[in-house]
Amino acid sequence: MSRTEGLSAAITRLLNRFHARLSARARPATGFVSSPEPRSTGRFARGRQLCAGNLLFAGHLIEAPGAMIWDLSAPDPAWDAEIHGFRWLDDLAAVGDMHARALAQDWLWGWIDRFGAGHGEGWLPEAAGQRLIRCIHHALFVLRGTDGARSDLFFQSLARQTIFLARRWKASPPGLPRFEALTGLLYAGLALEGMAEHVAPALRALARECDAQIDAQGGIPTRNPEELLEVFTLLTWVQAALEASDREPDPALTGAIARIAPTLRALRHADGGLARFQGGGKGIDGRLDQALAASGVRRKPADGLAMGYARLGFARTTVIIDAAPPPRGKASADAHASTLAFELTSGRRPLVVSCGAGTVFGEDWRRAGRATPSHSTLCLDGYSSARLAEPTMVGGMPREYLEEAPEDVPVQITPSGDGLCFEGGHDGYRRTHGLTHARKLELSQDGRTLIGEDLLTTLTDPDKRLFDRRMDHAQLSGLPWQLRFHLHPDVDAALDMGGYAVSMALKSGEIWVFRAEQGPQLTLEPSVYLEKGRLRPRASKQVVLSGRAMEYASRIRWSLAKAQETAIAVRDLVETRAEDETP
């Protein structure tokens, strides 16, 4: 971290604390202009875990039944950041019984008692925005059964946080944090008595952010599909709140919603979940469909890439490919080295996946999830296609930007004789080994067969000389490569045909078979599936093809196809397993 960055962060923290304490002098709001409608939804199973005292935040599990969450020692700053955002209120409201309400009330007024006057680490603009959104959404849930004194404290706290946000929203990082801060400010201005003066400035600022952060194709700089969904959801909430108060949404707001909706449709798998790339998960069940319906936008995805992702889809089989360079600079703080990785979903069942973002399981898992071996693509000589830089402080936490990432990623999608064909390449290994990775994926029109071909090749004479130096260093034994296909935990996989194929059974009853041409070694190895809302990583498997690059060009051909005995149409009635409810 540079000295300048450290000084800037220190000044930002100092100003946040100053304005947080200054906001304590704000005149209190006395109530709501209108009854707020709850829109944010949480996870029922996670709410049950909180009620049982199993507190999982930022990758740390603390078992503390009946404990006041604010009195626990935070394992790291990420824990503080998560609990001060009040997302746990969504989960407790999803449970909705008396126990969950009592716990939510204890934690909420516990926060007001300890931090409401402007003290503590929770006074960040984005955290204040998150708190305001959830307190307003679930106000009826938490205020039920409270006396007048506690109700006054509640509204006084909301007023203080609104004043703080009005003064400090510009200090939030661009992207999702700033959208959260401005949405919270808008919500408070529309919902709270005496706060209407903040609506117009917040709406103008939000319009500027829409123009600056959401590009013409409906993408965002981080290329994180789940983050795009979160931004989209916030914008649809703002649009609905403005319309409910008889205000006209800004054209920049409605234009951003219209651009994002088709992009999210392109990033949606056949099971309704999002592609899990660049630090994003599949999203909360139902959140994507709910947001798309609320937007009122019916446009279909345009041809070509959507936020840098390619999509092949036929007959309830979807293949989504990361087909662009990874994010750069500050946008790459949580980015993954996943160029040319793909995911495949058949009907309601994911088959080939990425391991996912390990942020919720701690720093080691977060770093591991970002590496190329955690994605379904080729890894060369133990290198990732992009490397992690030295840590720098981002939002008060150490993060590593990506460096030496692929720059040239040519792509084309063309009709083939019996389906669609994706062809792409990247130069992520060119600086280090002189090799370019090219990938070809062809999905048949009946959705039953995916034929793949991966190529490692030198393109120029300097590439050949670098490759030769690498070969000399390896004593002419070749450069090792691995081609990985990570499988969803629900896939039952086993080596077949004497070790020359892998059979994969889905819970729907479908059987898929993986085959590769002779030469590379085929193995079935352990893997993990990193998923939000779980208490631990889930064990899974991965199909691995391995070999050595001995020449200037190495070609690997493989196929993934439904077994002949698998019916054309499968009625999938197998119940999807709920989230892990055991510590």
# chains A, B, ... in the order shown; residues from 1 in each chain; ligands from 1
call {"tool": "select_by_dssp", "arguments": {"residues": "range 225-457 of chain A", "states": "strand (DSSP E or B)", "output": "PyMOL selection string"}}
result
chain A and resi 268+274+306+309-314+317-322+342-346+349-353+378-380+383+387-388+392-394+397-399+402-403+411-416+419-426+436-444+449-457
call {"tool": "residues_around", "arguments": {"residues": "range 192-198 of chain A", "least_positions_apart": "3", "cutoff": "9 Å", "atoms": "only C-alpha atoms", "output": "ChimeraX atom specification"}}
result
/A:27-34,136,155,158-159,162-163,166,185-189,201-203
call {"tool": "closest_residue", "arguments": {"among": "A:Pro262, A:Gly533, A:Gly59, A:Gly175", "to": "Trp79 in chain A", "atoms": "only C-alpha atoms"}}
result
A:Gly59
call {"tool": "residues_around", "arguments": {"residues": "Pro174 in chain A", "least_positions_apart": "3", "cutoff": "10 Å", "atoms": "only C-alpha atoms", "output": "NGL selection string"}}
result
:A and (170-171 or 177-179 or 209 or 212-213 or 221 or 330-331)
call {"tool": "write_last_selection", "arguments": {"atoms": "N, CA, C and O atoms", "output": "short mmCIF file (atom, residue, chain, number, x, y, z; two decimals), in the first residue's frame"}}
result
data_model
loop_
_atom_site.label_atom_id
_atom_site.label_comp_id
_atom_site.auth_asym_id
_atom_site.auth_seq_id
_atom_site.Cartn_x
_atom_site.Cartn_y
_atom_site.Cartn_z
N LYS A 170 -20.42 10.67 -1.10
CA LYS A 170 -19.35 10.75 -2.10
C LYS A 170 -18.09 10.00 -1.66
O LYS A 170 -17.24 9.70 -2.49
N ALA A 171 -17.99 9.70 -0.36
CA ALA A 171 -16.82 8.97 0.13
C ALA A 171 -16.91 7.47 -0.09
O ALA A 171 -15.94 6.75 0.13
N PRO A 177 -21.06 -0.18 -3.78
CA PRO A 177 -21.15 0.57 -2.52
C PRO A 177 -21.81 1.93 -2.68
O PRO A 177 -22.61 2.35 -1.83
N ARG A 178 -21.49 2.64 -3.77
CA ARG A 178 -22.10 3.97 -3.95
C ARG A 178 -23.58 3.86 -4.31
O ARG A 178 -24.39 4.68 -3.87
N PHE A 179 -23.94 2.86 -5.08
CA PHE A 179 -25.36 2.65 -5.38
C PHE A 179 -26.12 2.34 -4.09
O PHE A 179 -27.26 2.79 -3.91
N GLU A 209 -24.29 8.39 -11.51
CA GLU A 209 -23.64 7.09 -11.32
C GLU A 209 -24.10 6.08 -12.36
O GLU A 209 -23.32 5.24 -12.82
N ALA A 212 -22.18 6.79 -15.44
CA ALA A 212 -20.74 6.55 -15.32
C ALA A 212 -20.39 5.07 -15.15
O ALA A 212 -19.35 4.62 -15.65
N GLN A 213 -21.23 4.31 -14.45
CA GLN A 213 -20.87 2.94 -14.07
C GLN A 213 -21.50 1.86 -14.93
O GLN A 213 -21.01 0.73 -14.94
N PRO A 221 -17.97 -2.32 -14.41
CA PRO A 221 -16.52 -2.55 -14.54
C PRO A 221 -16.03 -3.85 -13.91
O PRO A 221 -15.07 -4.45 -14.41
N LYS A 330 -8.86 -0.89 -9.83
CA LYS A 330 -9.66 -1.06 -8.62
C LYS A 330 -10.82 -2.03 -8.82
O LYS A 330 -11.26 -2.66 -7.86
N ALA A 331 -11.31 -2.14 -10.05
CA ALA A 331 -12.41 -3.07 -10.32
C ALA A 331 -11.98 -4.53 -10.20
O ALA A 331 -12.82 -5.42 -10.14
#
call {"tool": "closest_residue", "arguments": {"among": "A:Ala94, A:Ala335, A:Ala324, A:Val544", "to": "Glu407 in chain A", "atoms": "only C-alpha atoms"}}
result
A:Ala324
